[in-house]
Each structure stands twice: as structure tokens, then as C-alpha cells.
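Source file upload.cif; content: mmCIF, C-alpha atoms.
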```
data_run
loop_
_atom_site.label_atom_id
_atom_site.label_comp_id
_atom_site.auth_asym_id
_atom_site.auth_seq_id
_atom_site.Cartn_x
_atom_site.Cartn_y
_atom_site.Cartn_z
CA MET A 108 7.43 -21.27 -18.08
CA VAL A 109 10.44 -18.92 -17.83
CA HIS A 110 12.40 -17.79 -20.86
CA LEU A 111 15.09 -15.12 -20.60
CA ARG A 112 17.43 -14.29 -23.44
CA GLY A 113 20.03 -11.55 -22.96
CA ALA A 114 17.84 -9.98 -20.27
CA VAL A 115 19.22 -6.77 -18.85
CA ALA A 116 17.80 -5.08 -15.76
CA LEU A 117 19.17 -1.83 -14.44
CA LEU A 118 19.11 -0.62 -10.85
CA GLY A 119 19.73 3.04 -11.45
CA ARG A 120 22.57 2.95 -13.97
CA PHE A 121 24.01 -0.28 -12.58
CA PRO A 122 23.21 -3.41 -14.64
CA ALA A 123 22.07 -5.80 -11.88
CA LEU A 124 21.29 -8.33 -14.61
CA ALA A 125 23.76 -8.08 -17.45
CA GLY A 126 22.34 -10.30 -20.18
CA VAL A 127 20.83 -13.31 -18.43
CA ASP A 128 19.92 -16.40 -20.47
CA LEU A 129 17.64 -18.80 -18.62
CA ASP A 130 15.01 -21.39 -19.53
CA ILE A 131 12.99 -23.18 -16.86
CA ASP A 132 10.26 -25.74 -17.45
CA ARG A 133 7.11 -26.36 -15.42
CA ARG A 134 7.18 -28.39 -12.20
CA ARG A 135 10.87 -27.76 -11.58
CA ILE A 136 12.59 -26.57 -8.43
CA VAL A 137 15.49 -24.35 -9.41
CA LEU A 138 18.11 -23.12 -6.97
CA LEU A 139 19.79 -19.80 -7.64
CA ARG A 140 23.14 -19.49 -5.97
CA GLY A 141 25.94 -16.99 -6.05
CA PRO A 142 27.78 -14.53 -3.85
CA ASN A 143 26.18 -11.47 -2.30
CA GLY A 144 25.40 -8.90 -4.97
CA ALA A 145 25.39 -11.49 -7.75
CA GLY A 146 21.86 -10.49 -8.80
CA LYS A 147 19.77 -13.29 -7.24
CA THR A 148 17.25 -11.01 -5.59
CA THR A 149 17.08 -8.79 -8.67
CA LEU A 150 16.44 -11.82 -10.86
CA LEU A 151 13.60 -12.98 -8.58
CA ARG A 152 12.10 -9.47 -8.53
CA THR A 153 12.45 -9.25 -12.31
CA LEU A 154 10.61 -12.54 -12.79
CA ALA A 155 7.90 -11.24 -10.45
CA GLY A 156 7.45 -8.21 -12.69
CA LEU A 157 8.74 -5.73 -10.13
CA VAL A 158 11.94 -4.79 -11.96
CA HIS A 159 11.81 -3.53 -15.53
CA VAL A 160 13.69 -5.48 -18.20
CA SER A 161 15.37 -2.88 -20.37
CA GLU A 162 16.89 -5.16 -23.03
CA GLY A 163 16.55 -8.70 -24.32
CA GLU A 164 13.67 -11.17 -24.14
CA ALA A 165 11.77 -12.00 -20.96
CA VAL A 166 8.74 -14.27 -21.06
CA VAL A 167 7.22 -15.59 -17.81
CA LEU A 168 4.17 -17.87 -17.75
CA GLY A 169 3.72 -17.14 -21.43
CA VAL A 170 3.53 -13.38 -20.86
CA ASP A 171 6.05 -10.91 -22.25
CA LEU A 172 7.45 -8.97 -19.29
CA LEU A 173 8.48 -6.11 -21.53
CA THR A 174 4.87 -5.32 -22.41
CA ASP A 175 2.67 -6.72 -19.66
CA ARG A 176 4.13 -7.06 -16.19
CA ARG A 177 0.80 -6.71 -14.39
CA SER A 178 -0.76 -9.94 -15.57
CA VAL A 179 2.40 -11.83 -14.56
CA ARG A 180 2.27 -10.38 -11.06
CA GLN A 181 -1.16 -11.86 -10.45
CA ARG A 182 0.13 -15.35 -11.15
CA VAL A 183 3.41 -15.38 -9.22
CA GLY A 184 4.09 -15.51 -5.51
CA LEU A 185 7.18 -13.74 -4.18
CA LEU A 186 8.60 -14.40 -0.75
CA ALA A 187 11.09 -11.60 -0.26
CA HIS A 188 13.39 -10.54 2.57
CA THR A 189 10.65 -8.17 3.64
CA THR A 190 7.40 -9.67 4.87
CA GLY A 191 4.80 -7.40 3.27
CA LEU A 192 2.71 -7.67 6.44
CA TYR A 193 0.89 -5.00 8.45
CA ASP A 194 2.13 -5.04 12.04
CA GLU A 195 -1.12 -3.81 13.62
CA LEU A 196 -3.30 -6.39 11.87
CA THR A 197 -3.65 -9.90 13.18
CA VAL A 198 -2.25 -12.95 11.41
CA ALA A 199 -5.74 -13.85 10.17
CA ASP A 200 -6.40 -10.31 8.93
CA ASN A 201 -3.12 -10.20 7.01
CA VAL A 202 -3.58 -13.57 5.34
CA ALA A 203 -7.22 -12.83 4.52
CA PHE A 204 -6.39 -9.42 3.02
CA TRP A 205 -3.63 -10.62 0.69
CA ALA A 206 -5.57 -13.75 -0.25
CA ARG A 207 -8.76 -11.80 -1.02
CA ALA A 208 -6.70 -9.33 -3.05
CA ALA A 209 -5.68 -12.30 -5.20
CA ARG A 210 -9.31 -13.52 -5.44
CA ALA A 211 -8.61 -16.55 -3.26
CA GLU A 212 -11.47 -18.38 -1.59
CA ARG A 213 -12.10 -18.31 2.14
CA SER A 214 -11.29 -22.03 2.24
CA ASP A 215 -7.84 -21.29 0.74
CA VAL A 216 -7.17 -18.85 3.57
CA ASP A 217 -8.14 -21.33 6.26
CA ALA A 218 -6.18 -24.13 4.59
CA ALA A 219 -3.07 -21.99 4.22
CA MET A 220 -3.14 -20.94 7.86
CA ALA A 221 -3.68 -24.48 9.03
CA ARG A 222 -0.84 -25.71 6.82
CA LEU A 223 1.58 -23.20 8.38
CA GLY A 224 0.42 -23.91 11.92
CA LEU A 225 -1.24 -20.52 12.29
CA ASP A 226 -4.77 -21.71 12.93
CA GLY A 227 -4.69 -21.77 16.72
CA ARG A 228 -3.98 -19.02 19.19
CA LEU A 229 -1.77 -17.19 16.67
CA ARG A 230 -4.74 -16.28 14.45
CA THR A 231 -5.67 -13.31 16.56
CA VAL A 232 -2.17 -12.09 17.43
CA PRO A 233 -1.03 -8.83 15.77
CA VAL A 234 1.84 -9.54 13.41
CA GLY A 235 3.99 -6.93 15.15
CA ARG A 236 4.14 -9.18 18.20
CA LEU A 237 5.32 -12.28 16.34
CA SER A 238 8.83 -13.71 16.24
CA ALA A 239 10.80 -13.58 12.99
CA GLY A 240 9.97 -17.23 12.30
CA GLN A 241 6.25 -16.73 12.91
CA ARG A 242 6.27 -13.70 10.60
CA ARG A 243 7.95 -15.84 7.96
CA ARG A 244 5.25 -18.47 8.37
CA THR A 245 2.58 -15.78 7.99
CA SER A 246 4.21 -14.53 4.78
CA LEU A 247 4.28 -18.10 3.49
CA ALA A 248 0.60 -18.52 4.37
CA CYS A 249 -0.19 -15.36 2.37
CA LEU A 250 1.75 -16.81 -0.55
CA ILE A 251 0.24 -20.29 -0.63
CA ALA A 252 -3.31 -18.96 -0.18
CA ARG A 253 -2.80 -17.20 -3.53
CA ARG A 254 -2.03 -20.53 -5.25
CA PRO A 255 0.70 -19.06 -7.50
CA GLU A 256 1.84 -20.80 -10.64
CA LEU A 257 5.40 -19.59 -10.14
CA TRP A 258 6.93 -19.45 -6.65
CA LEU A 259 9.82 -17.04 -6.24
CA LEU A 260 11.50 -17.43 -2.89
CA ASP A 261 14.35 -15.36 -1.52
CA GLU A 262 15.98 -17.23 1.36
CA PRO A 263 12.78 -19.13 2.27
CA HIS A 264 14.41 -20.95 5.20
CA ALA A 265 15.68 -17.79 6.88
CA GLY A 266 14.43 -17.30 10.42
CA LEU A 267 12.67 -20.67 10.59
CA ASP A 268 13.32 -23.46 13.06
CA GLN A 269 14.07 -27.02 11.94
CA GLU A 270 10.38 -27.95 11.75
CA GLY A 271 9.66 -24.82 9.74
CA ARG A 272 12.48 -25.51 7.30
CA ASP A 273 11.24 -29.04 6.75
CA LEU A 274 7.75 -27.68 6.22
CA VAL A 275 9.01 -25.25 3.57
CA ASP A 276 10.71 -28.09 1.70
CA GLN A 277 7.54 -30.14 1.87
CA LEU A 278 5.43 -27.21 0.62
CA LEU A 279 7.74 -26.70 -2.35
CA ARG A 280 7.56 -30.37 -3.31
CA GLU A 281 3.78 -30.29 -3.04
CA ALA A 282 3.65 -27.13 -5.15
CA THR A 283 5.64 -28.67 -7.99
CA ALA A 284 3.60 -31.85 -7.75
CA ALA A 285 0.51 -29.68 -8.24
CA GLY A 286 2.00 -28.12 -11.38
CA ALA A 287 3.77 -25.04 -10.08
CA THR A 288 7.38 -24.06 -10.65
CA VAL A 289 9.71 -22.95 -7.87
CA ILE A 290 12.77 -20.72 -8.11
CA LEU A 291 14.58 -20.06 -4.87
CA SER A 292 17.76 -18.44 -3.73
CA SER A 293 19.33 -19.76 -0.58
CA HIS A 294 22.60 -19.79 1.27
CA GLU A 295 21.55 -23.07 2.91
CA LEU A 296 23.21 -24.99 0.14
CA ASP A 297 23.10 -28.52 1.54
CA ARG A 298 19.36 -28.39 2.16
CA SER A 299 18.61 -26.54 -1.08
CA LEU A 300 20.76 -28.80 -3.25
CA GLN A 301 18.81 -31.82 -2.00
CA LEU A 302 15.58 -30.05 -2.86
CA ALA A 303 16.49 -28.61 -6.26
CA ASP A 304 16.11 -30.26 -9.66
CA GLU A 305 18.44 -27.73 -11.23
CA VAL A 306 21.05 -25.26 -10.03
CA VAL A 307 21.80 -21.93 -11.65
CA THR A 308 24.79 -19.88 -10.55
CA LEU A 309 24.67 -16.12 -10.84
CA SER A 310 27.80 -14.04 -10.88
CA GLY A 311 28.14 -10.42 -11.90
CA GLY A 312 24.59 -10.39 -13.22
CA VAL A 313 25.16 -13.34 -15.57
CA ALA A 314 23.57 -16.81 -15.12
CA THR A 315 25.27 -20.13 -15.70
CA ARG A 316 23.43 -23.44 -15.46
CA ASP A 317 25.34 -26.03 -13.42
CA SER A 318 25.65 -29.42 -14.99
CA MET B 261 -12.40 -1.94 -9.08
CA ILE B 262 -15.11 -1.22 -6.49
CA ARG B 263 -14.48 -4.57 -4.81
CA ASP B 264 -10.77 -3.78 -4.55
CA ALA B 265 -11.55 -0.29 -3.28
CA LEU B 266 -13.74 -1.67 -0.49
CA LEU B 267 -11.08 -4.24 0.40
CA VAL B 268 -8.34 -1.58 0.68
CA ALA B 269 -10.60 0.86 2.54
CA GLY B 270 -11.59 -1.86 4.99
CA LYS B 271 -7.95 -2.77 5.56
CA ASP B 272 -6.87 0.86 6.10
CA LEU B 273 -9.75 1.56 8.49
CA ARG B 274 -9.07 -1.64 10.42
CA LEU B 275 -5.41 -0.60 10.71
CA GLU B 276 -6.48 2.78 12.07
CA TRP B 277 -8.90 1.19 14.49
CA ARG B 278 -6.18 -1.12 15.82
CA SER B 279 -3.38 1.48 15.95
CA ARG B 280 -5.58 4.37 17.16
CA VAL B 281 -3.22 6.86 15.47
CA ALA B 282 -6.08 9.04 14.24
CA LEU B 283 -7.81 8.94 17.61
CA ASN B 284 -4.77 9.41 19.82
CA GLN B 285 -2.66 11.75 17.70
CA VAL B 286 -4.49 13.37 14.78
CA ALA B 287 -7.68 14.34 16.66
CA PRO B 288 -5.81 15.91 19.62
CA PHE B 289 -3.58 17.76 17.15
CA ALA B 290 -6.63 19.14 15.33
CA LEU B 291 -8.20 20.35 18.59
CA LEU B 292 -4.87 21.82 19.65
CA VAL B 293 -4.74 23.88 16.44
CA LEU B 294 -8.23 25.24 17.22
CA VAL B 295 -7.20 26.08 20.78
CA LEU B 296 -4.05 27.86 19.59
CA PHE B 297 -6.07 29.94 17.14
CA ALA B 298 -8.42 30.82 20.01
CA PHE B 299 -5.47 31.89 22.17
CA ALA B 300 -4.00 33.95 19.36
CA LEU B 301 -7.23 35.77 18.50
CA ASP B 302 -9.05 35.69 21.84
CA PRO B 303 -8.63 39.39 22.63
CA ASP B 304 -10.80 40.11 19.62
CA ARG B 305 -13.88 37.87 19.91
CA GLY B 306 -15.46 39.41 16.84
CA LEU B 307 -12.45 38.57 14.70
CA LEU B 308 -12.40 34.99 15.98
CA GLU B 309 -16.05 34.49 15.06
CA LYS B 310 -15.56 36.13 11.69
CA ALA B 311 -12.51 34.01 10.93
CA THR B 312 -14.12 30.75 12.08
CA PRO B 313 -14.63 29.25 8.57
CA GLY B 314 -11.01 29.87 7.54
CA LEU B 315 -9.56 28.67 10.84
CA TYR B 316 -11.76 25.58 10.71
CA TRP B 317 -10.58 24.57 7.24
CA VAL B 318 -6.93 25.35 7.97
CA ALA B 319 -7.23 23.03 10.98
CA VAL B 320 -8.86 20.38 8.76
CA LEU B 321 -6.07 20.68 6.18
CA PHE B 322 -3.24 20.48 8.71
CA SER B 323 -4.74 17.48 10.47
CA GLY B 324 -5.70 15.90 7.16
CA LEU B 325 -2.04 15.99 6.16
CA LEU B 326 -1.24 13.79 9.13
CA ALA B 327 -3.95 11.31 8.13
CA LEU B 328 -2.67 11.28 4.55
CA GLN B 329 0.92 10.72 5.60
CA ARG B 330 -0.21 7.88 7.82
CA SER B 331 -2.12 6.35 4.90
CA PHE B 332 1.11 6.01 2.92
CA SER B 333 3.52 5.32 5.76
CA ILE B 334 1.69 2.06 6.46
CA GLU B 335 2.48 1.00 2.89
CA SER B 336 6.15 1.93 3.07
CA ALA B 337 6.89 -0.46 5.95
CA ASP B 338 8.47 -3.86 5.38
CA GLY B 339 7.94 -4.23 1.66
CA ASN B 340 4.22 -3.52 1.67
CA ARG B 341 4.43 -1.39 -1.48
CA ASP B 342 5.90 -4.30 -3.42
CA ALA B 343 3.28 -6.59 -1.93
CA LEU B 344 0.56 -4.20 -3.10
CA ARG B 345 2.03 -4.10 -6.61
CA LEU B 346 2.09 -7.91 -6.67
CA SER B 347 -1.30 -8.31 -5.07
CA GLY B 348 -3.40 -8.30 -8.20
CA LEU B 349 -5.41 -5.36 -6.87
CA ASP B 350 -6.53 -2.85 -9.48
CA PRO B 351 -4.44 0.34 -8.94
CA ALA B 352 -7.59 2.40 -9.45
CA GLY B 353 -9.23 0.32 -6.72
CA ILE B 354 -6.27 0.94 -4.39
CA PHE B 355 -6.59 4.68 -5.09
CA LEU B 356 -10.33 4.76 -4.45
CA GLY B 357 -9.98 2.61 -1.33
CA LYS B 358 -7.41 4.96 0.13
CA VAL B 359 -9.58 7.96 -0.76
CA MET B 360 -12.53 6.33 1.02
CA ALA B 361 -10.52 5.52 4.14
CA VAL B 362 -8.88 8.96 4.36
CA GLY B 363 -12.22 10.62 3.53
CA LEU B 364 -14.04 8.83 6.36
CA GLN B 365 -11.30 9.78 8.82
CA LEU B 366 -11.46 13.39 7.61
CA LEU B 367 -15.25 13.46 8.04
CA ALA B 368 -14.92 12.22 11.61
CA LEU B 369 -12.28 14.88 12.19
CA GLU B 370 -14.53 17.57 10.72
CA VAL B 371 -17.36 16.62 13.06
CA LEU B 372 -14.98 16.85 16.01
CA LEU B 373 -13.64 20.20 14.83
CA GLY B 374 -17.19 21.44 14.25
CA ILE B 375 -18.01 20.70 17.87
CA GLY B 376 -14.75 22.34 18.88
CA VAL B 377 -15.57 25.48 16.92
CA ALA B 378 -19.07 25.68 18.38
CA VAL B 379 -17.73 25.30 21.92
CA LEU B 380 -14.45 27.25 21.78
CA TYR B 381 -15.40 30.03 19.39
CA THR B 382 -19.11 30.13 20.39
CA THR B 383 -19.95 30.45 16.71
CA PRO B 384 -23.69 30.03 16.03
CA ILE B 385 -24.15 27.24 13.49
CA THR B 386 -26.60 28.03 10.67
CA GLY B 387 -27.12 26.86 7.10
CA TRP B 388 -26.77 23.18 7.91
CA ILE B 389 -27.42 21.84 4.44
CA LEU B 390 -24.76 24.00 2.83
CA LEU B 391 -22.32 23.21 5.64
CA LEU B 392 -22.84 19.47 5.24
CA VAL B 393 -22.61 19.44 1.44
CA THR B 394 -19.52 21.67 1.53
CA ALA B 395 -17.87 19.37 4.04
CA MET B 396 -18.64 16.29 1.92
CA VAL B 397 -17.39 17.77 -1.36
CA ALA B 398 -14.30 19.39 0.17
CA THR B 399 -13.46 16.12 1.92
CA VAL B 400 -13.57 14.19 -1.35
CA ALA B 401 -11.37 16.81 -3.01
CA ILE B 402 -8.82 16.80 -0.18
CA ALA B 403 -8.74 13.01 0.09
CA ALA B 404 -8.43 12.51 -3.69
CA ALA B 405 -5.73 15.15 -4.22
CA GLY B 406 -3.91 14.01 -1.08
CA THR B 407 -3.92 10.37 -2.15
CA LEU B 408 -2.67 11.25 -5.63
CA TYR B 409 0.17 13.41 -4.32
CA GLY B 410 0.76 10.98 -1.47
CA VAL B 411 1.77 8.21 -3.85
CA VAL B 412 4.14 10.61 -5.63
CA ALA B 413 5.89 11.42 -2.36
CA ALA B 414 5.62 7.92 -0.88
CA GLY B 415 8.69 6.44 -2.53
CA LEU B 416 10.97 9.26 -1.48
CA ARG B 417 13.01 9.48 1.70
CA VAL B 418 11.86 13.07 2.21
CA ARG B 419 8.16 12.21 1.93
CA GLU B 420 7.18 13.62 5.33
CA THR B 421 8.33 17.10 4.37
CA LEU B 422 7.62 16.89 0.65
CA LEU B 423 3.92 16.01 0.86
CA PRO B 424 2.84 19.28 2.54
CA LEU B 425 4.95 21.24 0.06
CA LEU B 426 3.29 19.49 -2.87
CA LEU B 427 -0.21 19.34 -1.51
CA LEU B 428 -0.96 22.60 0.26
CA PRO B 429 -0.59 24.80 -2.87
CA VAL B 430 -2.87 22.58 -4.95
CA LEU B 431 -5.45 22.51 -2.16
CA ALA B 432 -5.55 26.30 -1.92
CA PRO B 433 -8.63 26.50 -4.20
CA VAL B 434 -10.40 23.96 -1.97
CA LEU B 435 -9.47 25.97 1.13
CA ILE B 436 -10.80 29.15 -0.48
CA GLY B 437 -13.98 27.49 -1.76
CA SER B 438 -14.84 25.72 1.48
CA THR B 439 -14.12 28.85 3.53
CA ARG B 440 -16.33 31.02 1.30
CA ALA B 441 -19.13 28.44 1.35
CA PHE B 442 -18.96 28.21 5.16
CA GLU B 443 -18.96 32.01 5.42
CA ALA B 444 -22.09 32.09 3.29
CA ALA B 445 -23.79 29.39 5.38
CA LEU B 446 -22.89 30.98 8.73
CA GLY B 447 -23.68 34.46 7.42
CA GLY B 448 -27.20 33.50 6.43
CA THR B 449 -26.64 33.88 2.67
CA PRO B 450 -26.40 30.26 1.49
CA SER B 451 -27.10 31.10 -2.14
CA GLU B 452 -23.66 32.73 -2.29
CA GLY B 453 -22.04 29.49 -1.14
CA TRP B 454 -23.35 27.04 -3.72
CA PRO B 455 -21.13 28.25 -6.62
CA TRP B 456 -18.11 27.54 -4.42
CA VAL B 457 -19.45 24.06 -3.75
CA GLY B 458 -19.77 23.59 -7.50
CA LEU B 459 -16.16 24.67 -8.00
CA MET B 460 -14.97 22.20 -5.37
CA GLY B 461 -17.10 19.51 -6.97
CA VAL B 462 -15.26 20.06 -10.26
CA ILE B 463 -11.90 19.88 -8.46
CA ALA B 464 -12.95 16.68 -6.68
CA VAL B 465 -14.05 15.04 -9.93
CA LEU B 466 -10.82 16.07 -11.68
CA TYR B 467 -8.67 14.52 -8.95
CA ILE B 468 -10.77 11.36 -8.82
CA VAL B 469 -10.43 10.92 -12.59
CA ALA B 470 -6.69 11.72 -12.46
CA GLY B 471 -6.25 9.22 -9.63
CA VAL B 472 -8.20 6.43 -11.28
CA PHE B 473 -6.03 6.67 -14.40
CA GLY B 474 -2.77 7.93 -12.91
CA PHE B 475 -2.37 6.09 -9.61
CA GLY B 476 -1.06 2.88 -11.21
CA PRO B 477 1.74 4.51 -13.24
CA LEU B 478 2.65 6.75 -10.29
CA MET B 479 2.82 3.74 -7.97
CA GLU B 480 5.21 2.07 -10.44
CA GLU B 481 7.47 5.08 -10.76
CA SER B 482 7.61 6.29 -7.16
#
```

In C-alpha cells, write the structure found in this file.
Amino acid sequence: MVHLRGAVALLGRFPALAGVDLDIDRRRIVLLRGPNGAGKTTLLRTLAGLVHVSEGEAVVLGVDLLTDRRSVRQRVGLLAHTTGLYDELTVADNVAFWARAARAERSDVDAAMARLGLDGRLRTVPVGRLSAGQRRRTSLACLIARRPELWLLDEPHAGLDQEGRDLVDQLLREATAAGATVILSSHELDRSLQLADEVVTLSGGVATRDS
Amino acid sequence: MIRDALLVAGKDLRLEWRSRVALNQVAPFALLVLVLFAFALDPDRGLLEKATPGLYWVAVLFSGLLALQRSFSIESADGNRDALRLSGLDPAGIFLGKVMAVGLQLLALEVLLGIGVAVLYTTPITGWILLLVTAMVATVAIAAAGTLYGVVAAGLRVRETLLPLLLLPVLAPVLIGSTRAFEAALGGTPSEGWPWVGLMGVIAVLYIVAGVFGFGPLMEES
């Protein structure tokens, strides 16, 4: 599913990933932890095909990231710090646009919105008028409507209330049960440690698997 | 590719419809430019009428720049560029969709400016077919070149000032061609205008081809 060997990724001249070795199997939930600036976000963006791997081996979903990042991007879902939403469009418009871009069915859009509690009055509200938690839910709806094989989540619980956090955990368990793999970074360690099958610690751009 | 283009064009036009930026800011700006030209040249009515084609296309270019900048500023907010790169959309489809959306806004703007010219400059409108074809071809050229250069500038902090610097020089041939074609149409000698339309057609095709093949790599690098 994910195979990195000595993977180096540069942000400018700075090696944000300095030779990462990592192997992750299907249907696993993997927690990335580490201090600020350890490279967690860069690793997630690298696995999503957004950051170029300059050295080493990097294979995601059976695709070599060094030669074909585009086909990986179509199969992963990235929940980043930013929402990737258009403020002037409604919740329904945003979810429908990103889902249709990924060739999702109309039924996937409706199901995703219902799952995130966005199927009522919120459907027709412009995203710019939503709270941070509601925006996060909308981003999650966009992600699950795409039905990604690899979920890459950067602080997925951020901005959500208790119900929302529980819902995220439930969604991740359902995703792995359906065959997907989840890699998340989170500073909510207690909650994330309960959720994760494996823990990987990043420090100075190098990954260490916790026993 | 066409499906993706229609999806992106629909999204961009819906965004414009909801935000009303083109209606509330770009269109008034375009009319203001026409009015300022009229103030500047009013003492010489003959000069104003003679210069109508050039003034019209300068107004279109200046207002078109605003529409183009808007087209890329909506993608620079809150991680939307990354979302587009991850979306699975064909980069060529994104390019063509943005060209369609900007082109339709430009056409609406050109109609408005045409009415403005007829009213403010009291220019008699003749040679309709040449005028319409010129407007269509020039619009495609402006939208295609603007979208291509827009993605180059989009990733930079100085994009608002860089885009006009990059774009206006390369659109000079389109400005010259469309002005000459309009002069021919309004002057009652349309046969002199068609070669200019042909030249703009070649420019439009070149930028469309460059965009279809180059937009993806440029989106990655910018």
C-alpha cells in the first residue's frame, strides 16, 4: 500500500523528509506523531503526490511516485489544514463539484452529506458563512464522496465538537473495514492512540515505527 | 477533457453569479474607463469617433485583466490549488474550463462596452458580421493567453502586479488586430478587416494548444 525507502523530499533547499523508511499495509490506521516541524504534513502531502520525492523509493497504491504522481492523486483523499472549499458556493455545490471531479456518483454525494449531517438546512448555506467545525465537516464530506483508497488526514479532529470527533473516528474505522488505509497526524494523542493500529514517530524528517 | 472543462466552467460561472464581482466591480470599471476616455477626448468629437475601436479594445483588455485575476484568485484561497491538483481533473480540462468561463464574462463585458460606445461616443455601428467575428476570436485569444499566463503568476505573491506585466505585451498583437478589424468594419471596408481576424485566429489557436499541453506542468511548478 505504502512503501518508502530512503525517501527525501525538499522544501526549497531544506530536506523536510530526510530519508524516510516506511511500509504500511492495507486496512491499517497509522498515526503519525512528532513535534511541530517534524515533517508530518510534508509526509502526508508527499504520499498524496503533492510534494516531489527527490531521492529514494516511493511507491503508493502500487504506483511509483517518482514517475507518476497524477494517478496516485486520483486515488487518495487528503484532508489538510486548509479546506479547499469555495466560500461563495453552498455546501451542496462544493461537495458536488469535488465529487464530480473525482467521477463520483450523485448517490455518493448525497450519502456523504447525510453522513456528515449536512443534508438539512446546511445544504444551501454558502461555505463562507459556516463555522470552522461545519467547514471541516464539509471538507470531510468532499473526501468521503470520492471513496479514496488511501485517506491522508492532517489533524482531522481539529475544530470539531465531541460528536464530530466521534464521527471522524467512526468514519475511519468504516473506511478501513471497507478496505481503505488511513494515515493521520494528530496532536490529540489519547483519542488517536485508541484509534490507531500503528504509531510512527517523525523527528527531523526521519520516521521511526513505535513498537 | 471536455467533461472536466464544462465542470470547471460551470463552477467558475456559478462562483461569479454568487459573488457578483464581475457585475458589481468589473462592469462598472469598464464603463468608467470609457467615460474617462470620453472626458479626455471630448473636446475633439472627431478624434473620439476615430479612436473608438482602439479605446474599446483597451477598455476590454483592462477590464479583462480584472476578470482573469479573479479567475485565479478564487483558486489561491484556502488550499484550492492543491485541491484542484488532487481532484483528478484533467489539467487541459481545467484550462479549457477557465478559458470558457473567462471568455463568457468577456463577451458579456464586450456587449456592455459596445452599448457604452454607441451611447457615449455616438459611433454609428456598421459591419456587424465582422464586428461579431472579431469579438469572438479576440475573446478566445485574450481568455486563452490570460489563462495560460494567469497560472504562471498565480503561485506568486506578486501575482496582482505581475499578470498585467506578463500579459499586456503578449496581447499587443490581439489589440492591434482587433482594433484594425473594428476600424475596417466601422469604416465600411470589411474586406480589410478579415486578414486581421485570421491573424487573431492563429494566435488564439496557438494559445489554446499551448494551454492544453502546458497548463498541467505550469500548475505543478507555480

**Request:** Please evaluate the PyMOL selection byres ((chain B) within 7 of (chain A)) against the structure above and give the resulting residues as a PyMOL selection string.
**Result:** chain B and resi 275+278-279+338-340+343+346-349

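Take the PyMOL selection byres ((chain B and resi 295) around 12) and apply it to this file: it picks B:Pro288, B:Phe289, B:Ala290, B:Leu291, B:Leu292, B:Val293, B:Leu294, B:Leu296, B:Phe297, B:Ala298, B:Phe299, B:Ala300, B:Leu301, B:Asp302, B:Leu308, B:Leu315, B:Tyr316, B:Ala319, B:Leu373, B:Gly376, B:Val377, B:Val379, B:Leu380, B:Tyr381.
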
**Request:** Go through B:Val469, B:Val281, B:Val268, B:Ala405 one by one, measure the shortest atom-to-atom distance of each to B:Ala361 using all atoms listed in the file, and give the residue with the smallest value.
**Result:** B:Val268

**Asked** Please, what distance in Å, to one decimal, runs between atom CA of A:Leu279 and atom CA of A:Ile136?
**Response**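 For atom CA of A:Leu279 relative to atom CA of A:Ile136, the distance reads 7.8 Å.
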
**Message:** Residue by residue, what does the PyMOL selection byres ((chain B and resi 328) around 12) grab here? Present the result as an MDAnalysis selection string.
**Reply:** chainID B and resid 272 276 281:282 286 320:327 329:335 358:366 402:411 413:414 419:420 423:424 427

**Local residues around (-1.4, 3.0, -11.8), at most 12 Å away, using all atoms listed in the file, as a list in words** = Arg177 of chain A; Leu344, Arg345, Leu349, Asp350, Pro351, Ala352, Gly353, Ile354, Phe355, Leu356, Leu408, Val411, Val412, Ala470, Gly471, Val472, Phe473, Gly474, Phe475, Gly476, Pro477, Leu478, Met479, Glu480, Glu481 and Ser482 of chain B

With C-alpha atoms kept, could you save the residues just selected as a CSV table (one decimal), in the coordinates of the input?
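Printed below is out09.csv as written:
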```csv
chain,number,residue,atom,x,y,z
A,177,ARG,CA,0.8,-6.7,-14.4
B,344,LEU,CA,0.6,-4.2,-3.1
B,345,ARG,CA,2.0,-4.1,-6.6
B,349,LEU,CA,-5.4,-5.4,-6.9
B,350,ASP,CA,-6.5,-2.8,-9.5
B,351,PRO,CA,-4.4,0.3,-8.9
B,352,ALA,CA,-7.6,2.4,-9.4
B,353,GLY,CA,-9.2,0.3,-6.7
B,354,ILE,CA,-6.3,0.9,-4.4
B,355,PHE,CA,-6.6,4.7,-5.1
B,356,LEU,CA,-10.3,4.8,-4.4
B,408,LEU,CA,-2.7,11.2,-5.6
B,411,VAL,CA,1.8,8.2,-3.8
B,412,VAL,CA,4.1,10.6,-5.6
B,470,ALA,CA,-6.7,11.7,-12.5
B,471,GLY,CA,-6.2,9.2,-9.6
B,472,VAL,CA,-8.2,6.4,-11.3
B,473,PHE,CA,-6.0,6.7,-14.4
B,474,GLY,CA,-2.8,7.9,-12.9
B,475,PHE,CA,-2.4,6.1,-9.6
B,476,GLY,CA,-1.1,2.9,-11.2
B,477,PRO,CA,1.7,4.5,-13.2
B,478,LEU,CA,2.6,6.8,-10.3
B,479,MET,CA,2.8,3.7,-8.0
B,480,GLU,CA,5.2,2.1,-10.4
B,481,GLU,CA,7.5,5.1,-10.8
B,482,SER,CA,7.6,6.3,-7.2
```

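For the choices B:Gly448, B:Ala287, B:Thr382, B:Ala398, the atom-to-atom distance to B:Gly306 is smallest for B:Thr382 when using only C-alpha atoms.
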
**Item:** For A:Val166, the nearest of the candidates A:Gly119, A:His110, A:Val307, A:Arg280, counting all atoms listed in the file
**Value:**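 Closest candidate: A:His110.
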
**Request:** For stretch 267-278 of chain A, please output as a list in words all residues within 10 Å (counting all atoms listed in the file; exclusion window: fewer than 6 positions along the same chain).
**Result:**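 Returned residues: Arg222, Leu223, Gly224, Ser238, Ala239, Gly240, Gln241, Arg242, Arg243, Arg244, Leu247, Ile251, Ala284, Arg298, Ser299, Gln301, Leu302 and Ala303 of chain A.
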